[in-house]
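S.K.: Got a structure here, written out as structure tokens. Questions coming.
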Amino acid sequence: MRSFSVVWPDPAVSVPLVEVDRDALADLAIDRVIAAILRDGDEYGLAPLLHQPVRDPEAVSYRREVFADMADDAVRAAFEEFAAGMRRIRKQLAQADRLIHVYQRGRWRLDAAADYLGVLTRLSERLAPLPITARGLSQWRELLGEHVGGVEFTELRDRVGRVRDDLGAVRYSIRITGRTIEVGADEGSADYSATIANLFARFGSGTSRSTLRETGPQWADMNATEERILDHVAELYPDVFARLDEFCRRYPEFIDPEVARFDREIQFYLVYLAFARRIATLGHRLHLPVTRTPGADLRATDAFDLALATRLRHGNTLICNDIQLSGPECVLVVTGPNQGGKTTFARTFGQLVYFAALGCPVPAREARLPLPDAIFTHFEHAEDPGDPDGRLLTELTRMRDTLDRATADSLIVMNESFSSTSSSDAVRIGTDILDQIVELGALALWVTFFDELADNGPAVVSMVATTESPYPTPSGTDEAITSVTFQAGSASTTAPSPPGPPHETVPDTPNSGGQSAPPTTVHEKSEETIGIAPCDTAPGTPAESASGPAVSKESGQTVADLSREARMTVSGVPGAAASNELVRRTFRIERRAADGQAYALELAERYGLGYERVVARIGR
Amino acid sequence: MRVALLQPCDAAVAVVRAEQRTLDDLGVETLCAAMEFDARGESDPVVAEAVRAVLSTSVVDPEVIRYRHAVLADCCEHPGEVRELYEIASRAARVKRWMVGPAHRPNGKLVLALEPLNELIGCLRRLRSACAGYDGVFGSAGFIDLLGVVADELDEEYLGSVERQLTAMDFDSGIQFCAGLGTGNKVAHISLHEPPRPQRRWFGRRAARAFDVVDDPDPESNPIVQLQNPALTIIADVVTEAADHVQDFFAELRTQLAFYLGCRTMRERLVATGAPVCLPTVHPAGGSRLRCTGLRDAGMCLTSAGPIVGNYVDAADRSLIMVTGANNGGKSTFLRALGLAQLMTQAGMFVTAADFETDVRAGVFTHVVAEEDRTLSHGKLAEELVRMSDLIDRMTPTSLLLCNESFASTGARDAARIAAPLLDALLDSGVHVVFITHLTEFACHRHESDHPHELYLHAERLPNGTRTFRMIPGAPEPDSHADDIFHQVFNRPPHTSTTHR
């Protein structure tokens, strides 16, 4: 078979990669996502591939085509069956190598070869009628078809089939008397167990389970007695066993190297899709992005943090965010309170770009994303040692290095940079750095305390994390907790944020009683509400806040606010525990301050106990 | 071999299995526990178990119920014969089955299986000879079928040939089988030959392809044991399975007889307490034919010392029975008695009434307010609603629903708003409902509007405050007499402030 790769359009040519250093992988939690993708171990050695996002649009679309085809369950199932078959064959060959008796080893190899032939033939047959359009897959289908129809393959199949038939026809008799075992030819005596089963048939016994049951051997290898029996059987059938020997001599290796390569590389898709399905069962789907062409908008709809999604508990959903950059816009400045989901948002953005460059589906409903030459991150690390001056120095040094290396095609993600110095200094430094980035024309996302940075000309877009509702703090998670709205708008046309530093206007995360309702920040003029950050709220806790005294009255929110908020809060997915669902509903109803009767009736309706539903359910 | 005392053989009988919760609500366990003891006070847990099983599986075909009535009549007429059959079956069902023993011997598993089978064959012989003596004794189709099965299947010739084969099943002189090549060319696809006869070839020529194996005292690694076990296991399994089937037959016979013996004993004991007992009249599903006199709660009659009051109900052509009235007036007992009688009827049992007539219902369901909120994650009302929703998923148009104080966990007005459309929907769908309620306002209102197919009962309370525990027809009374009970307990009427709700 000629050289072929299902992940590289031309296996002979090396393509430019996206530069991503180890810190960036950690900052964007991509290392955690990759660990989650390879949850079941990396027997195919996929880790290097997952650490190589590519800049080449050709290679990226080559992979996306394959992913698109694999969205068809039938296509994916065909390759999964193939992969399972190849794994089985490898196991059989490994078992063969551990055996000592030559006829045992030979038989294992022979059966593995038969399995291999069947697996390839089956894959070829299954692929034939499938709607495959990806170059990678249709080329493979063609290659495989030629291979399976070729002389070499056919000859192997004939030979394996003959030897197996011969071995299958071997029958012999064993007689055990005391410690003596006698091996002889089969005399064709009647099956005694059938006679006995027949006798007891009147009691309803015999035919079904006992005689048909054939348990496999406990061990693959043989004891000395079994080996001697096999030797005697081989003497009874010398021709058959000679043909087995010949097969082994002639085919020491029968797996084609290109089949082995495909088996490994197709796992890139299967493993990633299995990961995507795990995320999907928790309520969030991944979708294939398109590559942003020069001048086009960058956008992502309903994007979420993959690292958070891998740790999501059943019944909770993440809140998704939208991102858009048009025209001259290239820098997103995100401001807002602590614990507001800003870090999550920054990670989401980096992950979108990274996985898009791998050619993989990304955590967004739809996305148009660039293929950068590098992804840089500047995340403030709490464990950074030293005095504030030292930290600032380190930070600025790293920043300079980045700016030296970055180009107009790079992505820079920064989180709380320069917070180790005084506010006015930080703003000054920050503005300067921001100007440099804008001048460079690089794509950047900057999470910061300092609103001043958000007001910096047409290239800079301001996004604000706004605490919207008094949800209780879930315990044991450092992830974004409160409901937060990112409000987008060009700083030049919109009031960007509430007056004063946000961390002063917005109180700390509300306590679990829901008592400290934060001031509601309603942005009348905002152009677009972009969704809110994830709430990893433990099931049951909203009920506690619901039972607290009329939260909605205290916070003075309007019904419109509440319903919007209800849409955005952590919600039970369909099929989640009934209690969870109930809790959510009770919560919403309480907040709407409905009177008790409406509450009870509505509750009854929800359980399908209204007239129409009951009639329909009983008469079904 | 079949046992068809509960239903005609080869007939697929439609049944509805009662939920455990419903059985608990109706006090089925009290009844079963009471039925474990016979008139002389001797305990037989098999009886309780059998009644429990049959009672929880309601038959919806009146023909099957009449089939059981006939068998029951035979049991009452010929108690001695039935008792003898029961004892043979009990003895066979108790034959010990050894699971562990000399399994390390090459044929150990086979030996373990053979012994009990031999013993069970003996039991079959005893059954055959007992049945041979009952020719013409029984009149019910069920017993006639049993005698026929025993005569046909257990003829002497067959039993004799089985015993001969069991004796010959002896591999002391060696074992021979033929085989093929399995995974990794190991011995597989075994087909066992007949037990070889002893040969004197030790003194003669030794076969060419023979060799001796070094014995290993540990059966796990003894190559001889490993080689012949698969071959012997095949027939050991056949023999074990045969013993299983024979014992299953006896166990089934024992269970079915135990059910009838239990019914007979129950009748004896009930009659001794002075409670009326009758075989109910059963009508096909789809009508509204409930009518009874002297209806009592069977479990209560068997367990309580004093006399129990019987109730008269004529609910012919009514699909809702709404019961209101005095607290502690016997409403819950009445609901239990009614539900239990319906279950007993559809099990083919006697019922505790002078006269009982009903149409079969596709299942009895109960909605009884739980004493406590067990899960703590739901509100009480929500739990009731969940339960009701669950019931609606299970019910069909000919089910019977028994409600006791449904929706008591919310305000009366809320409760009425939930109950009204729900009841209408249930009744319009064909479900029959008995609705015991404290929602007197709701009941009064419904009674005043025109509902011809509804029967309104209330727990009787005499002018002096005494409760008769009788349900009498009539318009609901708007007061539920809590003051009386308060007075009874505290020996004074409640203060105005406490009566004010």
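Letters A, B, ... mark the chains of the structure tokens in the order given; residue numbers begin at 1 per chain; ligand numbers begin at 1, in order shown.
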Just list as a ChimeraX atom specification whatever in region 318-439 of chain B DSSP marks as alpha helix (DSSP H).
M.R.: /B:331-347,380-394,412-429
S.K.: Using only C-alpha atoms, find the residues of chain A whose closest atom to chain B is at most 7 Å away, then write them as a VMD selection string.
M.R.: chain A and resid 104 107 to 108 167 to 168 170 to 184 186 189 to 193 197 200 203 to 206 210 to 211 220 225 232 579 597 600 to 601 604 607 to 611 614 to 615 617 to 619
S.K.: My list of candidates is B:Ile144, B:Leu112, B:Ala53, B:Leu270. Which is closest to Ala39 (chain B) when distances are computed with only C-alpha atoms?
M.R.: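 The shortest atom-to-atom distance to Ala39 (chain B) comes from B:Leu270.
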S.K.: So that I can check the surroundings of Tyr269 (chain A), please list as a ChimeraX atom specification every protein, DNA and RNA residue that reaches within 10 Å of it, counting only C-alpha atoms and ignoring chain neighbours fewer than 6 positions away.
M.R.: /A:6-7,63-64,66-67,70,76,79,275,359-360
S.K.: Grab the residues selected above and save them as an mmCIF file, in the first residue's frame with all heavy atoms.
M.R.:
data_model
loop_
_atom_site.group_PDB
_atom_site.id
_atom_site.type_symbol
_atom_site.label_atom_id
_atom_site.label_comp_id
_atom_site.auth_asym_id
_atom_site.auth_seq_id
_atom_site.Cartn_x
_atom_site.Cartn_y
_atom_site.Cartn_z
ATOM 1 N N VAL A 6 -4.086 10.073 7.380
ATOM 2 C CA VAL A 6 -5.424 10.637 7.487
ATOM 3 C C VAL A 6 -5.421 11.936 8.300
ATOM 4 O O VAL A 6 -6.440 12.588 8.437
ATOM 5 C CB VAL A 6 -6.418 9.585 8.053
ATOM 6 C CG1 VAL A 6 -6.223 9.395 9.552
ATOM 7 C CG2 VAL A 6 -7.855 9.944 7.731
ATOM 8 N N VAL A 7 -4.252 12.329 8.838
ATOM 9 C CA VAL A 7 -4.189 13.608 9.556
ATOM 10 C C VAL A 7 -3.330 14.646 8.825
ATOM 11 O O VAL A 7 -3.428 15.839 9.120
ATOM 12 C CB VAL A 7 -3.678 13.458 11.011
ATOM 13 C CG1 VAL A 7 -4.709 12.755 11.859
ATOM 14 C CG2 VAL A 7 -2.368 12.740 11.076
ATOM 15 N N ARG A 63 -8.511 17.938 8.034
ATOM 16 C CA ARG A 63 -9.012 17.260 9.244
ATOM 17 C C ARG A 63 -10.491 17.568 9.495
ATOM 18 O O ARG A 63 -11.248 16.709 9.911
ATOM 19 C CB ARG A 63 -8.197 17.685 10.465
ATOM 20 C CG ARG A 63 -6.758 17.206 10.389
ATOM 21 C CD ARG A 63 -6.007 17.624 11.637
ATOM 22 N NE ARG A 63 -4.580 17.351 11.495
ATOM 23 C CZ ARG A 63 -3.684 17.662 12.428
ATOM 24 N NH1 ARG A 63 -4.082 18.258 13.546
ATOM 25 N NH2 ARG A 63 -2.429 17.384 12.248
ATOM 26 N N ARG A 64 -10.855 18.836 9.264
ATOM 27 C CA ARG A 64 -12.259 19.185 9.509
ATOM 28 C C ARG A 64 -13.189 18.380 8.616
ATOM 29 O O ARG A 64 -14.287 18.008 9.022
ATOM 30 C CB ARG A 64 -12.485 20.690 9.290
ATOM 31 C CG ARG A 64 -11.968 21.516 10.458
ATOM 32 C CD ARG A 64 -12.230 22.989 10.263
ATOM 33 N NE ARG A 64 -11.472 23.761 11.235
ATOM 34 C CZ ARG A 64 -11.113 25.025 11.089
ATOM 35 N NH1 ARG A 64 -11.450 25.680 9.980
ATOM 36 N NH2 ARG A 64 -10.426 25.646 12.022
ATOM 37 N N VAL A 66 -12.715 15.373 7.655
ATOM 38 C CA VAL A 66 -12.855 14.048 8.255
ATOM 39 C C VAL A 66 -13.825 14.106 9.441
ATOM 40 O O VAL A 66 -14.723 13.279 9.570
ATOM 41 C CB VAL A 66 -11.483 13.491 8.706
ATOM 42 C CG1 VAL A 66 -11.657 12.163 9.444
ATOM 43 C CG2 VAL A 66 -10.567 13.323 7.504
ATOM 44 N N PHE A 67 -13.632 15.140 10.294
ATOM 45 C CA PHE A 67 -14.545 15.275 11.434
ATOM 46 C C PHE A 67 -15.992 15.409 10.964
ATOM 47 O O PHE A 67 -16.909 14.850 11.553
ATOM 48 C CB PHE A 67 -14.165 16.489 12.285
ATOM 49 C CG PHE A 67 -13.181 16.184 13.380
ATOM 50 C CD1 PHE A 67 -11.923 16.768 13.393
ATOM 51 C CD2 PHE A 67 -13.507 15.298 14.401
ATOM 52 C CE1 PHE A 67 -11.017 16.488 14.402
ATOM 53 C CE2 PHE A 67 -12.601 15.016 15.412
ATOM 54 C CZ PHE A 67 -11.350 15.611 15.409
ATOM 55 N N MET A 70 -17.325 12.157 10.010
ATOM 56 C CA MET A 70 -17.474 11.279 11.174
ATOM 57 C C MET A 70 -18.681 11.653 12.020
ATOM 58 O O MET A 70 -19.035 10.924 12.948
ATOM 59 C CB MET A 70 -16.227 11.345 12.047
ATOM 60 C CG MET A 70 -14.998 10.860 11.346
ATOM 61 S SD MET A 70 -14.838 9.086 11.507
ATOM 62 C CE MET A 70 -13.427 9.022 12.549
ATOM 63 N N ARG A 76 -18.654 6.699 11.621
ATOM 64 C CA ARG A 76 -17.855 6.554 12.838
ATOM 65 C C ARG A 76 -17.879 5.103 13.328
ATOM 66 O O ARG A 76 -16.844 4.546 13.695
ATOM 67 C CB ARG A 76 -18.396 7.490 13.916
ATOM 68 C CG ARG A 76 -17.549 7.558 15.142
ATOM 69 C CD ARG A 76 -17.927 8.756 15.993
ATOM 70 N NE ARG A 76 -19.373 8.898 16.132
ATOM 71 C CZ ARG A 76 -20.113 8.146 16.949
ATOM 72 N NH1 ARG A 76 -19.570 7.230 17.696
ATOM 73 N NH2 ARG A 76 -21.414 8.333 17.011
ATOM 74 N N PHE A 79 -15.411 2.845 11.576
ATOM 75 C CA PHE A 79 -14.017 2.969 12.016
ATOM 76 C C PHE A 79 -13.829 2.470 13.442
ATOM 77 O O PHE A 79 -12.780 1.954 13.799
ATOM 78 C CB PHE A 79 -13.548 4.421 11.871
ATOM 79 C CG PHE A 79 -13.388 4.832 10.440
ATOM 80 C CD1 PHE A 79 -14.200 5.789 9.863
ATOM 81 C CD2 PHE A 79 -12.433 4.208 9.640
ATOM 82 C CE1 PHE A 79 -14.057 6.143 8.538
ATOM 83 C CE2 PHE A 79 -12.289 4.554 8.307
ATOM 84 C CZ PHE A 79 -13.098 5.513 7.752
ATOM 85 N N PHE A 275 -14.545 12.069 23.383
ATOM 86 C CA PHE A 275 -14.479 13.152 24.372
ATOM 87 C C PHE A 275 -15.640 14.124 24.162
ATOM 88 O O PHE A 275 -16.334 14.515 25.102
ATOM 89 C CB PHE A 275 -13.127 13.849 24.232
ATOM 90 C CG PHE A 275 -13.029 15.183 24.911
ATOM 91 C CD1 PHE A 275 -12.921 15.274 26.291
ATOM 92 C CD2 PHE A 275 -13.042 16.359 24.171
ATOM 93 C CE1 PHE A 275 -12.829 16.496 26.922
ATOM 94 C CE2 PHE A 275 -12.962 17.590 24.794
ATOM 95 C CZ PHE A 275 -12.856 17.660 26.170
ATOM 96 N N GLY A 359 -7.740 21.492 14.050
ATOM 97 C CA GLY A 359 -8.700 20.945 13.079
ATOM 98 C C GLY A 359 -9.867 20.247 13.744
ATOM 99 O O GLY A 359 -10.600 19.508 13.103
ATOM 100 N N CYS A 360 -10.034 20.496 15.037
ATOM 101 C CA CYS A 360 -11.045 19.770 15.812
ATOM 102 C C CYS A 360 -12.301 20.621 16.024
ATOM 103 O O CYS A 360 -12.247 21.839 15.907
ATOM 104 C CB CYS A 360 -10.483 19.414 17.185
ATOM 105 S SG CYS A 360 -9.158 18.211 17.109
#
S.K.: When you draw a straight line from CA of Val438 (chain A) to CA of Leu396 (chain A), how long is it in Å?
M.R.: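 For CA of Val438 (chain A) relative to CA of Leu396 (chain A), the distance reads 17.3 Å.
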S.K.: Show which residues sit within 10 Å of Ser3 (chain A), as a list in words. Count only C-alpha atoms, and ignore same-chain residues fewer than 3 positions away.
M.R.: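 What passes the distance filter is Asp10, Pro11, Ala12, Leu143, Pro257, Glu258, Val259 and Arg261 of chain A.
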S.K.: Could you turn the residues from that selection into a file that holds N, CA and C atoms, as a short mmCIF file (atom, residue, chain, number, x, y, z; two decimals), in the first residue's frame?
M.R.:
data_model
loop_
_atom_site.label_atom_id
_atom_site.label_comp_id
_atom_site.auth_asym_id
_atom_site.auth_seq_id
_atom_site.Cartn_x
_atom_site.Cartn_y
_atom_site.Cartn_z
N ASP A 10 -0.40 15.71 2.99
CA ASP A 10 0.70 15.09 2.29
C ASP A 10 1.71 14.64 3.34
N PRO A 11 1.78 13.38 3.63
CA PRO A 11 2.62 12.92 4.73
C PRO A 11 4.09 13.25 4.53
N ALA A 12 4.48 13.59 3.31
CA ALA A 12 5.89 13.85 3.07
C ALA A 12 6.27 15.29 3.40
N LEU A 143 -7.81 3.31 -1.46
CA LEU A 143 -6.59 2.52 -1.20
C LEU A 143 -6.94 1.15 -0.63
N PRO A 257 2.04 -2.05 7.03
CA PRO A 257 2.43 -0.87 7.83
C PRO A 257 1.50 0.33 7.64
N GLU A 258 0.94 0.49 6.45
CA GLU A 258 0.03 1.61 6.23
C GLU A 258 -1.30 1.39 6.96
N VAL A 259 -1.72 0.15 7.09
CA VAL A 259 -2.92 -0.16 7.87
C VAL A 259 -2.66 0.17 9.34
N ARG A 261 -0.58 2.36 10.45
CA ARG A 261 -0.53 3.82 10.61
C ARG A 261 -1.94 4.40 10.64
#
S.K.: Please compute the CA of Asp314 (chain B)-CA of Thr437 (chain B) distance, one decimal, in Å.
M.R.: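 Pair CA of Asp314 (chain B) / CA of Thr437 (chain B) returns 19.5 Å.
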S.K.: Near Leu325 (chain A), within 8 Å and counting only C-alpha atoms, which residues show up once chain neighbours fewer than 6 positions away are dropped, as a PyMOL selection string?
M.R.: chain A and resi 297-299+461
S.K.: By how many Å are CA of Arg122 (chain A) and CA of Arg109 (chain A) apart?
M.R.: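 Value for the CA of Arg122 (chain A)-CA of Arg109 (chain A) distance: 19.6 Å.
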S.K.: With DSSP run on the backbone, what are the strand (DSSP E) residues within region 43-250 of chain A? I'd like them as a list of chain:residue names.
M.R.: A:Tyr172, A:Ser173, A:Ile174, A:Arg175, A:Ile176, A:Thr177, A:Thr180, A:Ile181, A:Glu182, A:Val183, A:Gly184, A:Ala185
S.K.: Need to verify the contact set: Asp302 (chain A), 10 Å, only C-alpha atoms, exclusion of same-chain residues closer than 3 positions in sequence. Can you return it as a list in words?
M.R.: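 The contact residues come out as His284, Arg285, Leu318, Ile319, Cys320, Asn321, Asp322, Ile323, Pro363, Ala364, Arg365, Glu366, Ala367, Ile530, Gly531 and Ile532 of chain A.
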